[in-house]
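K.L.:
Have a peek at data_10.txt (compact mmCIF, C-alpha atoms).
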# COMPACT_ATOMS: atom_id res chain seq x y z
CA MET A 63 -49.87 -53.57 59.57
CA ARG A 64 -48.72 -49.96 59.99
CA LYS A 65 -47.58 -49.87 56.34
CA ASN A 66 -51.02 -51.01 55.21
CA SER A 67 -52.68 -48.26 57.26
CA ILE A 68 -50.48 -45.60 55.66
CA LYS A 69 -51.28 -47.00 52.21
CA SER A 70 -55.01 -46.94 52.96
CA LEU A 71 -54.78 -43.34 54.15
CA LEU A 72 -52.88 -42.38 51.01
CA PHE A 73 -55.51 -43.99 48.77
CA LEU A 74 -58.21 -42.22 50.76
CA PHE A 75 -56.70 -38.73 50.54
CA LEU A 76 -54.98 -38.85 47.16
CA PRO A 77 -58.15 -38.37 45.06
CA GLY A 78 -59.14 -35.43 47.29
CA VAL A 79 -55.71 -33.81 46.93
CA LEU A 80 -55.85 -34.31 43.13
CA ILE A 81 -59.36 -32.82 42.87
CA MET A 82 -58.37 -29.82 45.03
CA GLY A 83 -55.37 -29.20 42.79
CA CYS A 84 -57.47 -29.19 39.60
CA TYR A 85 -58.45 -26.06 37.77
CA LYS A 86 -59.77 -25.27 34.31
CA ASN A 87 -58.68 -22.39 32.10
CA GLU A 88 -61.71 -21.43 30.02
CA THR A 89 -59.88 -18.72 28.05
CA ARG A 90 -58.49 -19.65 24.64
CA TYR A 91 -55.78 -17.33 23.31
CA PHE A 92 -55.18 -17.25 19.55
CA ASP A 93 -52.61 -14.69 18.43
CA ASP A 94 -53.71 -12.50 15.50
CA ALA A 95 -51.20 -12.68 12.63
CA ALA A 96 -52.46 -9.29 11.35
CA ASP A 97 -52.12 -7.60 14.79
CA PRO A 98 -49.24 -9.28 16.64
CA GLY A 99 -49.64 -9.06 20.41
CA ILE A 100 -53.41 -9.29 20.53
CA VAL A 101 -55.92 -12.07 19.87
CA ILE A 102 -58.02 -12.70 16.79
CA PHE A 103 -61.52 -11.27 16.49
CA SER A 104 -63.74 -14.28 17.09
CA ASP A 105 -67.28 -15.24 18.06
CA ASN A 106 -66.52 -18.73 19.37
CA GLY A 107 -66.61 -17.96 23.11
CA ASN A 108 -62.86 -17.64 23.66
CA ASN A 109 -63.49 -15.59 26.85
CA ILE A 110 -60.98 -12.83 26.19
CA LEU A 111 -60.79 -9.14 25.29
CA SER A 112 -57.64 -7.63 23.92
CA CYS A 113 -56.61 -4.30 22.45
CA PHE A 114 -53.73 -1.87 22.17
CA ILE A 115 -53.58 0.87 24.81
CA GLU A 116 -51.14 3.52 23.61
CA GLY A 117 -49.78 0.86 21.27
CA LYS A 118 -49.11 -1.65 24.09
CA PRO A 119 -51.06 -4.95 24.03
CA TRP A 120 -53.57 -5.27 26.88
CA ARG A 121 -55.68 -8.36 27.59
CA THR A 122 -58.19 -9.60 30.11
CA VAL A 123 -57.33 -12.12 32.82
CA SER A 124 -57.94 -15.80 32.06
CA ARG A 125 -61.25 -17.28 33.14
CA ILE A 126 -60.15 -19.86 35.70
CA THR A 127 -62.49 -22.26 37.45
CA SER A 128 -60.89 -23.82 40.52
CA GLY A 129 -61.71 -27.31 41.74
CA PHE A 130 -63.11 -28.73 44.95
CA PRO A 131 -63.91 -27.46 47.59
CA SER A 132 -64.40 -23.87 46.39
CA LEU A 133 -65.59 -24.53 42.79
CA HIS A 134 -65.18 -20.83 42.10
CA THR A 135 -64.70 -19.05 38.77
CA ASN A 136 -62.71 -15.87 38.31
CA PHE A 137 -64.46 -14.12 35.46
CA GLU A 138 -62.75 -11.66 33.14
CA VAL A 139 -65.96 -9.71 32.47
CA ASP A 140 -69.01 -8.77 34.53
CA ILE A 141 -72.23 -7.02 33.49
CA ILE A 142 -73.78 -4.71 36.05
CA LYS A 143 -76.77 -2.37 36.10
CA GLN A 144 -76.40 0.70 38.28
CA PRO A 145 -79.48 2.73 39.29
CA ALA A 146 -79.07 6.38 38.37
CA THR A 147 -80.81 9.43 39.79
CA GLY A 148 -82.40 10.43 36.48
CA LEU A 149 -84.75 8.55 34.17
CA ARG A 150 -81.97 6.27 32.91
CA ASP A 151 -79.99 3.54 34.64
CA THR A 152 -76.45 2.68 33.66
CA LEU A 153 -75.46 -0.66 32.11
CA ILE A 154 -71.80 -1.37 32.85
CA ILE A 155 -69.73 -4.00 31.06
CA LYS A 156 -66.52 -4.26 33.07
CA TRP A 157 -63.38 -6.11 31.93
CA LEU A 158 -60.49 -6.96 34.28
CA GLY A 159 -57.09 -7.21 32.61
CA TYR A 160 -53.42 -6.30 32.37
CA PHE A 161 -50.71 -5.26 29.94
CA SER A 162 -49.44 -8.45 28.23
CA GLY A 163 -46.36 -9.74 30.01
CA ASN A 164 -46.99 -7.68 33.16
CA GLU A 165 -49.73 -9.21 35.29
CA ASN A 166 -48.94 -6.69 38.06
CA SER A 167 -50.44 -3.95 35.91
CA GLN A 168 -53.98 -5.21 36.58
CA GLY A 169 -56.81 -2.80 36.13
CA TYR A 170 -60.13 -2.51 34.42
CA LEU A 171 -61.71 -1.16 31.30
CA SER A 172 -65.45 -0.56 31.28
CA LEU A 173 -68.24 0.55 29.02
CA HIS A 174 -71.04 2.61 30.61
CA LEU A 175 -74.28 2.79 28.65
CA ALA A 176 -77.48 4.66 29.58
CA VAL A 177 -80.43 2.22 29.59
CA PRO A 178 -84.09 2.41 30.69
CA PRO A 179 -84.76 1.42 34.33
CA ASN A 180 -86.68 -1.70 33.24
CA PHE A 181 -83.71 -2.99 31.21
CA SER A 182 -83.28 -6.74 31.86
CA TYR A 183 -80.72 -9.33 30.76
CA ARG A 184 -83.09 -10.29 27.90
CA ASP A 185 -82.67 -6.76 26.51
CA LEU A 186 -78.92 -7.38 26.13
CA SER A 187 -79.80 -9.36 22.98
CA ALA A 188 -80.95 -6.09 21.38
CA LEU A 189 -77.30 -5.01 21.23
CA GLN A 190 -76.55 -7.68 18.59
CA GLY A 191 -75.51 -6.07 15.30
CA GLN A 192 -75.54 -2.59 16.88
CA ARG A 193 -72.71 -0.16 16.30
CA LEU A 194 -72.78 2.60 18.88
CA HIS A 195 -70.94 5.87 19.05
CA ILE A 196 -70.26 6.34 22.76
CA ASP A 197 -70.23 10.00 23.74
CA ALA A 198 -71.46 11.96 26.74
CA THR A 199 -75.12 11.52 25.74
CA LYS A 200 -75.05 7.72 25.48
CA GLY A 201 -72.40 6.89 28.07
CA PHE A 202 -68.64 6.61 28.24
CA PHE A 203 -65.65 4.28 28.37
CA SER A 204 -63.71 4.24 31.63
CA THR A 205 -60.30 2.84 32.66
CA SER A 206 -58.26 2.46 35.78
CA ILE A 207 -55.01 0.64 35.00
CA THR A 208 -51.85 0.55 37.09
CA GLY A 209 -49.04 2.25 35.23
CA LEU A 210 -51.40 4.07 32.88
CA ASN A 211 -53.68 6.34 34.86
CA THR A 212 -54.55 7.08 38.46
CA GLY A 213 -58.20 6.92 39.46
CA ASN A 214 -60.83 6.67 36.76
CA THR A 215 -60.38 8.22 33.35
CA ASN A 216 -63.39 8.54 31.06
CA GLY A 217 -63.38 8.69 27.30
CA SER A 218 -65.50 8.45 24.17
CA GLY A 219 -65.38 5.88 21.39
CA ASP A 220 -67.17 3.40 19.16
CA ILE A 221 -68.29 -0.15 19.80
CA TYR A 222 -69.75 -2.80 17.51
CA PHE A 223 -71.60 -5.78 19.03
CA HIS A 224 -71.26 -8.61 16.53
CA THR A 225 -73.11 -11.00 18.82
CA ALA A 226 -75.18 -10.38 21.95
CA GLN A 227 -77.32 -13.44 22.49
CA PHE A 228 -79.03 -14.40 25.72
CA ASP A 229 -81.19 -17.50 25.34
CA SER A 230 -83.34 -18.88 28.13
CA ILE A 231 -82.44 -22.50 28.84
CA ALA A 232 -84.61 -22.96 31.96
CA PRO A 233 -86.72 -20.74 34.25
CA GLY A 234 -84.32 -18.16 35.74
CA SER A 235 -81.39 -19.58 33.80
CA TYR A 236 -79.90 -18.69 30.43
CA SER A 237 -76.79 -18.95 28.30
CA GLY A 238 -75.35 -15.89 26.66
CA SER A 239 -72.50 -14.65 24.54
CA ILE A 240 -71.13 -11.30 23.43
CA SER A 241 -68.47 -10.46 20.89
CA GLY A 242 -67.43 -7.34 19.05
CA LEU A 243 -64.97 -4.59 18.26
CA PHE A 244 -64.26 -1.21 19.87
CA GLU A 245 -61.98 1.82 19.88
CA ALA A 246 -61.82 4.58 22.48
CA ASP A 247 -60.20 7.97 22.96
CA PHE A 248 -59.31 9.19 26.47
CA ASN A 249 -57.56 12.40 25.30
CA SER A 250 -54.27 11.51 27.01
CA PHE A 251 -54.23 8.00 25.48
CA LYS A 252 -56.12 5.88 22.93
CA ILE A 253 -57.42 2.33 22.79
CA THR A 254 -57.19 0.81 19.31
CA ARG A 255 -57.98 -2.49 17.59
CA GLY A 256 -60.11 -3.69 20.56
CA ARG A 257 -61.95 -7.00 20.21
CA PHE A 258 -63.85 -9.19 22.68
CA ASP A 259 -65.48 -12.62 22.70
CA HIS A 260 -67.13 -14.04 25.83
CA ILE A 261 -69.58 -16.66 26.95
CA ILE A 262 -71.79 -15.01 29.57
CA THR A 263 -73.25 -17.02 32.46
CA PRO A 264 -75.90 -15.81 34.95
CA GLU A 265 -73.07 -15.52 37.55
CA GLN A 266 -71.63 -12.61 35.55
CA VAL A 267 -74.84 -10.61 35.19
CA PHE A 268 -75.74 -8.63 38.30
CA PHE A 269 -79.32 -7.61 37.65
CA MET B 34 -39.83 -39.94 15.34
CA GLU B 35 -36.09 -40.71 14.77
CA ARG B 36 -36.70 -44.33 15.86
CA ILE B 37 -39.58 -44.71 13.40
CA ILE B 38 -37.42 -43.37 10.56
CA ALA B 39 -34.53 -45.68 11.48
CA LEU B 40 -36.88 -48.67 11.67
CA LEU B 41 -38.41 -47.87 8.28
CA ILE B 42 -35.00 -47.57 6.64
CA MET B 43 -33.86 -50.87 8.17
CA LEU B 44 -37.04 -52.68 7.09
CA ASN B 45 -36.84 -51.32 3.60
CA LEU B 46 -33.16 -52.00 3.03
CA PHE B 47 -33.15 -55.46 4.57
CA PRO B 48 -33.88 -57.37 1.34
CA GLY B 49 -31.01 -55.57 -0.40
CA SER B 50 -29.26 -57.30 -3.26
CA CYS B 51 -26.79 -56.38 -5.99
CA LYS B 52 -28.63 -58.44 -8.61
CA ALA B 53 -31.09 -55.73 -9.42
CA GLN B 54 -32.24 -53.43 -12.18
CA PHE B 55 -32.08 -49.70 -11.42
CA TYR B 56 -34.55 -47.17 -12.81
CA ILE B 57 -35.09 -43.45 -12.56
CA ALA B 58 -38.43 -41.84 -13.41
CA PRO B 59 -39.68 -38.29 -13.66
CA VAL B 60 -43.25 -38.17 -12.38
CA VAL B 61 -45.99 -35.56 -12.81
CA GLY B 62 -49.56 -35.58 -11.64
CA PHE B 63 -52.48 -34.00 -9.90
CA GLN B 64 -53.81 -34.43 -6.40
CA THR B 65 -56.93 -33.53 -4.55
CA ASP B 66 -57.60 -33.49 -0.82
CA LEU B 67 -59.76 -36.02 1.02
CA ASN B 68 -59.56 -34.27 4.41
CA ASN B 69 -61.18 -30.89 3.74
CA ARG B 70 -64.68 -29.94 2.64
CA ASN B 71 -63.25 -27.40 0.17
CA SER B 72 -60.62 -29.85 -1.01
CA PHE B 73 -57.27 -28.34 -1.91
CA LYS B 74 -55.83 -29.18 -5.33
CA GLN B 75 -52.12 -29.52 -6.11
CA ILE B 76 -49.87 -30.28 -9.07
CA ASN B 77 -47.28 -32.96 -8.38
CA SER B 78 -43.73 -33.28 -9.59
CA ALA B 79 -41.46 -36.03 -8.38
CA VAL B 80 -38.42 -38.13 -9.03
CA LEU B 81 -38.77 -41.85 -8.44
CA PHE B 82 -35.74 -44.08 -8.11
CA GLY B 83 -36.49 -47.79 -8.42
CA ILE B 84 -34.55 -50.95 -7.67
CA ARG B 85 -36.24 -53.93 -9.29
CA LYS B 86 -35.33 -56.97 -7.25
CA SER B 87 -37.58 -59.55 -8.85
CA ARG B 88 -40.42 -59.81 -11.32
CA HIS B 89 -42.84 -59.24 -8.48
CA TYR B 90 -41.08 -56.69 -6.30
CA GLU B 91 -39.42 -53.30 -6.68
CA LEU B 92 -38.08 -51.00 -3.98
CA MET B 93 -38.62 -47.28 -4.66
CA PHE B 94 -37.35 -43.97 -3.33
CA LEU B 95 -39.52 -40.93 -3.97
CA ALA B 96 -38.78 -37.19 -3.68
CA GLN B 97 -41.89 -35.16 -4.39
CA LYS B 98 -43.01 -31.56 -4.42
CA ALA B 99 -46.68 -30.66 -4.67
CA TRP B 100 -47.23 -27.20 -6.15
CA PRO B 101 -50.18 -25.15 -4.92
CA HIS B 102 -53.32 -24.60 -6.91
CA LEU B 103 -54.61 -21.33 -5.42
CA TYR B 104 -57.87 -21.53 -3.52
CA ASN B 105 -59.74 -18.19 -3.36
CA SER B 106 -62.63 -17.42 -1.03
CA ARG B 107 -64.09 -14.57 1.02
CA ASP B 108 -64.20 -13.90 4.75
CA SER B 109 -66.11 -11.23 6.68
CA SER B 110 -64.47 -8.15 8.14
CA PHE B 111 -66.08 -5.53 10.37
CA SER B 112 -65.38 -1.98 11.51
CA PRO B 113 -66.46 -0.17 14.69
CA ASN B 114 -65.98 3.17 12.89
CA PRO B 115 -69.46 4.70 12.26
CA ALA B 116 -68.10 6.64 9.27
CA LEU B 117 -67.57 3.35 7.37
CA PRO B 118 -69.87 0.47 6.40
CA VAL B 119 -70.00 -2.03 9.26
CA TYR B 120 -69.21 -4.98 6.97
CA ALA B 121 -66.74 -5.52 4.16
CA THR B 122 -65.54 -8.69 2.44
CA ALA B 123 -61.94 -9.77 2.72
CA LYS B 124 -60.43 -11.77 -0.13
CA LYS B 125 -58.70 -14.87 1.18
CA THR B 126 -56.11 -16.85 -0.80
CA ILE B 127 -54.89 -20.24 0.37
CA ARG B 128 -51.73 -21.76 -1.12
CA PRO B 129 -51.34 -25.41 -0.09
CA SER B 130 -47.91 -26.88 -0.88
CA SER B 131 -45.95 -29.87 0.33
CA TYR B 132 -42.69 -31.79 0.07
CA SER B 133 -42.30 -35.51 0.67
CA LEU B 134 -39.48 -38.02 0.93
CA ALA B 135 -40.62 -41.61 0.93
CA ILE B 136 -39.61 -45.20 0.53
CA GLY B 137 -42.01 -47.30 -1.52
CA HIS B 138 -42.77 -50.85 -2.52
CA ARG B 139 -44.15 -51.96 -5.89
CA ILE B 140 -45.70 -55.42 -5.74
CA SER B 141 -46.66 -56.67 -9.20
CA LEU B 142 -49.72 -58.90 -9.17
CA ILE B 143 -51.13 -59.22 -12.66
CA GLY B 144 -49.34 -59.57 -15.99
CA VAL B 145 -45.80 -59.92 -14.65
CA LYS B 146 -44.80 -61.89 -17.80
CA SER B 147 -46.60 -59.53 -20.19
CA ARG B 148 -46.07 -55.91 -21.25
CA ASN B 149 -49.06 -54.70 -19.18
CA ILE B 150 -48.48 -55.01 -15.47
CA PHE B 151 -50.85 -54.19 -12.63
CA SER B 152 -49.28 -53.58 -9.23
CA LEU B 153 -49.96 -52.43 -5.72
CA VAL B 154 -47.77 -49.58 -4.49
CA PHE B 155 -47.12 -48.49 -0.90
CA TYR B 156 -45.11 -45.55 0.39
CA SER B 157 -44.02 -44.47 3.86
CA GLY B 158 -41.97 -41.41 4.68
CA ILE B 159 -41.80 -37.84 5.84
CA THR B 160 -43.91 -35.01 4.50
CA PHE B 161 -43.89 -31.25 5.08
CA GLN B 162 -47.13 -29.39 4.44
CA LYS B 163 -47.51 -25.62 4.33
CA ILE B 164 -50.97 -24.15 3.95
CA ALA B 165 -50.27 -20.45 3.47
CA VAL B 166 -53.10 -17.96 4.02
CA THR B 167 -53.10 -14.35 2.84
CA TYR B 168 -55.84 -11.72 2.98
CA GLN B 169 -56.59 -8.64 0.92
CA TYR B 170 -58.69 -6.08 2.78
CA ASN B 171 -58.57 -2.63 4.41
CA LYS B 172 -56.33 -3.52 7.36
CA ASN B 173 -56.41 -0.06 8.92
CA ASP B 174 -60.16 0.16 9.41
CA TYR B 175 -61.43 -3.42 9.37
CA THR B 176 -60.87 -6.59 11.40
CA ILE B 177 -61.51 -10.09 10.04
CA LEU B 178 -63.85 -12.33 12.01
CA ASN B 179 -62.38 -15.78 12.80
CA PRO B 180 -59.41 -15.36 10.42
CA ASP B 181 -57.42 -18.30 9.11
CA LYS B 182 -53.70 -18.45 9.68
CA THR B 183 -50.79 -20.09 7.83
CA GLN B 184 -50.18 -23.60 9.12
CA GLU B 185 -47.04 -25.74 8.74
CA ARG B 186 -46.57 -29.32 9.83
CA THR B 187 -43.93 -32.01 9.27
CA GLY B 188 -44.71 -35.62 9.99
CA PHE B 189 -44.65 -39.27 9.08
CA PHE B 190 -47.16 -40.42 6.45
CA LEU B 191 -48.35 -43.61 4.79
CA SER B 192 -49.89 -44.08 1.37
CA GLY B 193 -51.15 -46.89 -0.78
CA GLY B 194 -52.64 -47.39 -4.20
CA MET B 195 -52.70 -49.13 -7.56
CA GLU B 196 -50.53 -48.87 -10.63
CA TYR B 197 -50.75 -49.75 -14.28
CA MET B 198 -47.44 -50.11 -16.10
CA ARG B 199 -46.77 -50.55 -19.83
CA LEU B 200 -43.37 -51.88 -20.82
CA LEU B 201 -41.94 -50.01 -23.81
CA LYS B 202 -38.85 -50.56 -25.90
CA ASN B 203 -36.61 -48.19 -23.91
CA GLY B 204 -38.46 -47.78 -20.66
CA ARG B 205 -41.66 -48.15 -18.70
CA LEU B 206 -44.69 -45.89 -18.69
CA PHE B 207 -46.80 -46.01 -15.55
CA VAL B 208 -49.88 -44.42 -13.98
CA GLN B 209 -50.47 -44.54 -10.21
CA LEU B 210 -53.56 -43.79 -8.14
CA ASN B 211 -52.60 -43.24 -4.51
CA ALA B 212 -54.29 -42.18 -1.28
CA ALA B 213 -52.16 -40.85 1.59
CA THR B 214 -52.66 -39.96 5.23
CA PRO B 215 -52.14 -36.38 6.45
CA PRO B 216 -48.82 -35.91 8.28
CA LEU B 217 -48.99 -37.58 11.67
CA ALA B 218 -47.98 -34.45 13.55
CA LYS B 219 -49.07 -32.23 16.42
CA GLU B 220 -52.67 -31.17 15.96
CA ILE B 221 -53.36 -27.64 14.70
CA ASN B 222 -54.14 -25.69 17.88
CA TYR B 223 -56.01 -22.95 16.08
CA PRO B 224 -59.63 -22.58 14.97
CA SER B 225 -58.78 -22.98 11.26
CA SER B 226 -61.43 -23.54 8.62
CA PHE B 227 -59.19 -26.29 7.20
CA GLY B 228 -57.17 -29.26 8.35
CA LEU B 229 -54.01 -30.87 7.05
CA ILE B 230 -54.18 -32.38 3.56
CA ALA B 231 -54.83 -36.08 2.93
CA PRO B 232 -53.95 -36.29 -0.77
CA LEU B 233 -55.56 -38.55 -3.36
CA SER B 234 -53.12 -38.37 -6.26
CA LEU B 235 -53.07 -39.50 -9.87
CA ASN B 236 -49.50 -39.54 -11.15
CA ALA B 237 -47.88 -40.60 -14.38
CA GLY B 238 -44.21 -41.30 -14.96
CA TYR B 239 -41.70 -42.67 -17.43
CA SER B 240 -39.15 -45.01 -15.96
CA ILE B 241 -35.73 -45.23 -17.61
CA PRO B 242 -33.26 -48.04 -16.85
CA ILE B 243 -29.98 -46.56 -15.58
CA LYS B 244 -27.99 -49.71 -14.85
CA LYS B 245 -28.60 -53.31 -15.82
CA SER B 246 -27.74 -56.08 -13.40
CA ARG B 247 -25.35 -58.88 -14.42
CA HIS B 248 -28.27 -61.22 -14.30
CA GLU B 249 -30.27 -59.19 -16.84
CA LYS B 250 -27.31 -58.58 -19.17
CA LYS B 251 -27.04 -62.28 -19.97
Is it possible to express this structure as structure tokens?
P.N.:
Amino acid sequence: MRKNSIKSLLFLFLPGVLIMGCYKNETRYFDDAADPGIVIFSDNGNNILSCFIEGKPWRTVSRITSGFPSLHTNFEVDIIKQPATGLRDTLIIKWLGYFSGNENSQGYLSLHLAVPPNFSYRDLSALQGQRLHIDATKGFFSTSITGLNTGNTNGSGDIYFHTAQFDSIAPGSYSGSISGLFEADFNSFKITRGRFDHIITPEQVFF
Amino acid sequence: MERIIALLIMLNLFPGSCKAQFYIAPVVGFQTDLNNRNSFKQINSAVLFGIRKSRHYELMFLAQKAWPHLYNSRDSSFSPNPALPVYATAKKTIRPSSYSLAIGHRISLIGVKSRNIFSLVFYSGITFQKIAVTYQYNKNDYTILNPDKTQERTGFFLSGGMEYMRLLKNGRLFVQLNAATPPLAKEINYPSSFGLIAPLSLNAGYSIPIKKSRHEKK
């Protein structure tokens, strides 16, 4: 009788334990044969940015969605709009990552772009096919990475948006994607061979 | 995999007999690919060793190399550098090659008592495929979008087809049309524009007797 009760309890809780232990990695890593250490340049929604910082491979964290009960996703990139004091707001694309092989070196890399105050997520699509030279007039790149710099360091550079698509799928809901290439110069160090490819959900866009 | 190979060898050697006619045949041919939209082409060269056990059945051992026919195409590359054009083409060359070792069966169906014989042929064995990819482009300033990468796979394969054979004074001339599976191996975990090759081959060979059995000498 007691054995049967224990069995019943196990059958009752086992599915719950299994569901709680589940998680999904939504980042797909494909090593680039031409640039060993970083990923290929893709537009398939691989959810990763990678580049060389002072010649060392740096990549974003994996996009992990945990299971029940939290059902929470840790995103590798967020898009924020920050009100500014002048006539322009600032669009910030912020990537969280680390030097490959050293997850303790977590930090961020971000792109700050001056945009009009009425800039909405729909306007992100206008970036598609654009190649921008990022200097003090248009914005800046910024980093704060353990083992590289202390505080925020700003730099200039170039970025090419191969895709920037944000399609409405329902009222207040949309699916988006961005991919492209970039390089940046921070005077004391350089970022080279940068490439990114992300699916963007409304949870990552904060405006 | 080792168990499958052992089982195949056992099954194939089971009907072994000394009263047999031995043949060796150089084989050449051409093959195209049934598994890819832009089908890869290859030139075949092989050596076929045959043991004729009866009028209707022959056991064969095949060692084959398929030489690549180069496949050229273009991919897109891009640059973030504003001093350069945003887009440039990258020349892509794909070299598909393969090696195979197989055990085969020739089952003669029509014309076994004549000089023109029609048979079914089946092979099973191990194949190694290498689909090598190289690019020509400005690597310093440009990056290729969704590049292909060299893929290599080794695995078990099966093939089957038809054969016409003409008996000549000093040997046998034959033509085979065969379709084979791709290697049954771990899937390519890479967003390639191609998959492994499933060859459809047309081969011709000339089979020379190398030892006559006591039975045939009489």
K.L.:
Please determine the contact residues of chain B with respect to chain A at a cut-off of 9 Å, counting all atoms listed in the file, and supply them as a ChimeraX atom specification.
P.N.:
/B:111-115,119,172,174-180,182-183,222-224
K.L.:
For those residues, write C-alpha atoms to a file as a PDB file, in the frame of the given file.
P.N.:
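Listed below is the output, result-v6.pdb:
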ATOM      1  CA  PHE B 111     -66.080  -5.530  10.370  1.00  0.00           C
ATOM      2  CA  SER B 112     -65.380  -1.980  11.510  1.00  0.00           C
ATOM      3  CA  PRO B 113     -66.460  -0.170  14.690  1.00  0.00           C
ATOM      4  CA  ASN B 114     -65.980   3.170  12.890  1.00  0.00           C
ATOM      5  CA  PRO B 115     -69.460   4.700  12.260  1.00  0.00           C
ATOM      6  CA  VAL B 119     -70.000  -2.030   9.260  1.00  0.00           C
ATOM      7  CA  LYS B 172     -56.330  -3.520   7.360  1.00  0.00           C
ATOM      8  CA  ASP B 174     -60.160   0.160   9.410  1.00  0.00           C
ATOM      9  CA  TYR B 175     -61.430  -3.420   9.370  1.00  0.00           C
ATOM     10  CA  THR B 176     -60.870  -6.590  11.400  1.00  0.00           C
ATOM     11  CA  ILE B 177     -61.510 -10.090  10.040  1.00  0.00           C
ATOM     12  CA  LEU B 178     -63.850 -12.330  12.010  1.00  0.00           C
ATOM     13  CA  ASN B 179     -62.380 -15.780  12.800  1.00  0.00           C
ATOM     14  CA  PRO B 180     -59.410 -15.360  10.420  1.00  0.00           C
ATOM     15  CA  LYS B 182     -53.700 -18.450   9.680  1.00  0.00           C
ATOM     16  CA  THR B 183     -50.790 -20.090   7.830  1.00  0.00           C
ATOM     17  CA  ASN B 222     -54.140 -25.690  17.880  1.00  0.00           C
ATOM     18  CA  TYR B 223     -56.010 -22.950  16.080  1.00  0.00           C
ATOM     19  CA  PRO B 224     -59.630 -22.580  14.970  1.00  0.00           C
TER      20      PRO B 224
END
K.L.:
Interatomic distance between CA of Ala213 in chain B and CA of Arg148 in chain B?
P.N.:
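Going from CA of Ala213 in chain B over to CA of Arg148 in chain B, I get 28.0 Å.
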K.L.:
What is the CA of Arg150 in chain A to CA of Thr199 in chain A distance in Å?
P.N.:
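CA of Thr199 in chain A lies at a distance of 11.2 Å from CA of Arg150 in chain A.
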K.L.:
How big is the axis-aligned box around the listed atoms of range 173-179 of chain B once 5 Å is added on each side, and where is its centre? Give both in Å to one decimal, as lines of an AutoDock Vina configuration file.
P.N.:
center_x = -60.1
center_y = -7.8
center_z = 10.9
size_x = 17.4
size_y = 25.9
size_z = 13.9
K.L.:
Which of these residues is nearest to Lys219 in chain B, using only C-alpha atoms: B:Asn171, B:Ser109, B:Gln184, B:Ser141?
P.N.:
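Under the stated criterion, the closest residue is B:Gln184.
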K.L.:
Neighbouring residues of Ala246 in chain A were defined as those with any atom within 8 Å, considering all atoms listed in the file; residues of the same chain fewer than 2 positions away were excluded. Please report them as a tab-separated table (two decimals) with C-alpha atoms, keeping the file's coordinate frame.
P.N.:
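Final output, around_18.tsv:
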chain	number	residue	atom	x	y	z
A	203	PHE	CA	-65.65	4.28	28.37
A	217	GLY	CA	-63.38	8.69	27.30
A	218	SER	CA	-65.50	8.45	24.17
A	219	GLY	CA	-65.38	5.88	21.39
A	220	ASP	CA	-67.17	3.40	19.16
A	244	PHE	CA	-64.26	-1.21	19.87
A	248	PHE	CA	-59.31	9.19	26.47
A	252	LYS	CA	-56.12	5.88	22.93
A	253	ILE	CA	-57.42	2.33	22.79
A	254	THR	CA	-57.19	0.81	19.31
K.L.:
Using CA of Ser167 in chain A and CA of Gly117 in chain A as the two end points, give the distance in Å to one decimal.
P.N.:
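These two atoms are separated by 15.4 Å.
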K.L.:
Would you mind listing what lies within 12 Å of Ser230 in chain A as a PyMOL selection string, with only C-alpha atoms counted and same-chain residues fewer than 5 positions away left out?
P.N.:
chain A and resi 183-184+187+235-238+263-264
K.L.:
Please write as JSON, numbers by chain the list of polymer residues whose atoms come within 10 Å of (-45.4, -30.6, 4.4), counting all atoms listed in the file and keeping to the coordinates of the file.
P.N.:
{"B": [98, 99, 129, 130, 131, 132, 133, 159, 160, 161, 162, 163, 164, 184, 185, 186, 187, 188, 189, 215, 216, 229, 230]}
K.L.:
Please fill the gaps in range 97-105 of chain A so it has N, CA and C atoms, and write that as a compact mmCIF listing (two decimals), in the frame of the given file.
P.N.:
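Dumped to out03.txt:
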# COMPACT_ATOMS: atom_id res chain seq x y z
N ASP A 97 -52.38 -8.53 13.69
CA ASP A 97 -52.12 -7.60 14.79
C ASP A 97 -51.32 -8.32 15.88
N PRO A 98 -50.02 -8.52 15.66
CA PRO A 98 -49.24 -9.28 16.64
C PRO A 98 -49.32 -8.66 18.03
N GLY A 99 -49.54 -9.51 19.02
CA GLY A 99 -49.64 -9.06 20.41
C GLY A 99 -51.05 -9.15 20.96
N ILE A 100 -52.03 -9.15 20.07
CA ILE A 100 -53.41 -9.29 20.53
C ILE A 100 -54.07 -10.49 19.86
N VAL A 101 -55.26 -10.85 20.37
CA VAL A 101 -55.92 -12.07 19.87
C VAL A 101 -56.74 -11.77 18.63
N ILE A 102 -57.16 -12.84 17.97
CA ILE A 102 -58.02 -12.70 16.79
C ILE A 102 -59.41 -12.21 17.22
N PHE A 103 -60.11 -11.62 16.29
CA PHE A 103 -61.52 -11.27 16.49
C PHE A 103 -62.32 -12.54 16.21
N SER A 104 -63.03 -13.01 17.23
CA SER A 104 -63.74 -14.28 17.09
C SER A 104 -65.12 -14.18 17.72
N ASP A 105 -65.97 -15.15 17.40
CA ASP A 105 -67.28 -15.24 18.06
C ASP A 105 -67.53 -16.68 18.52
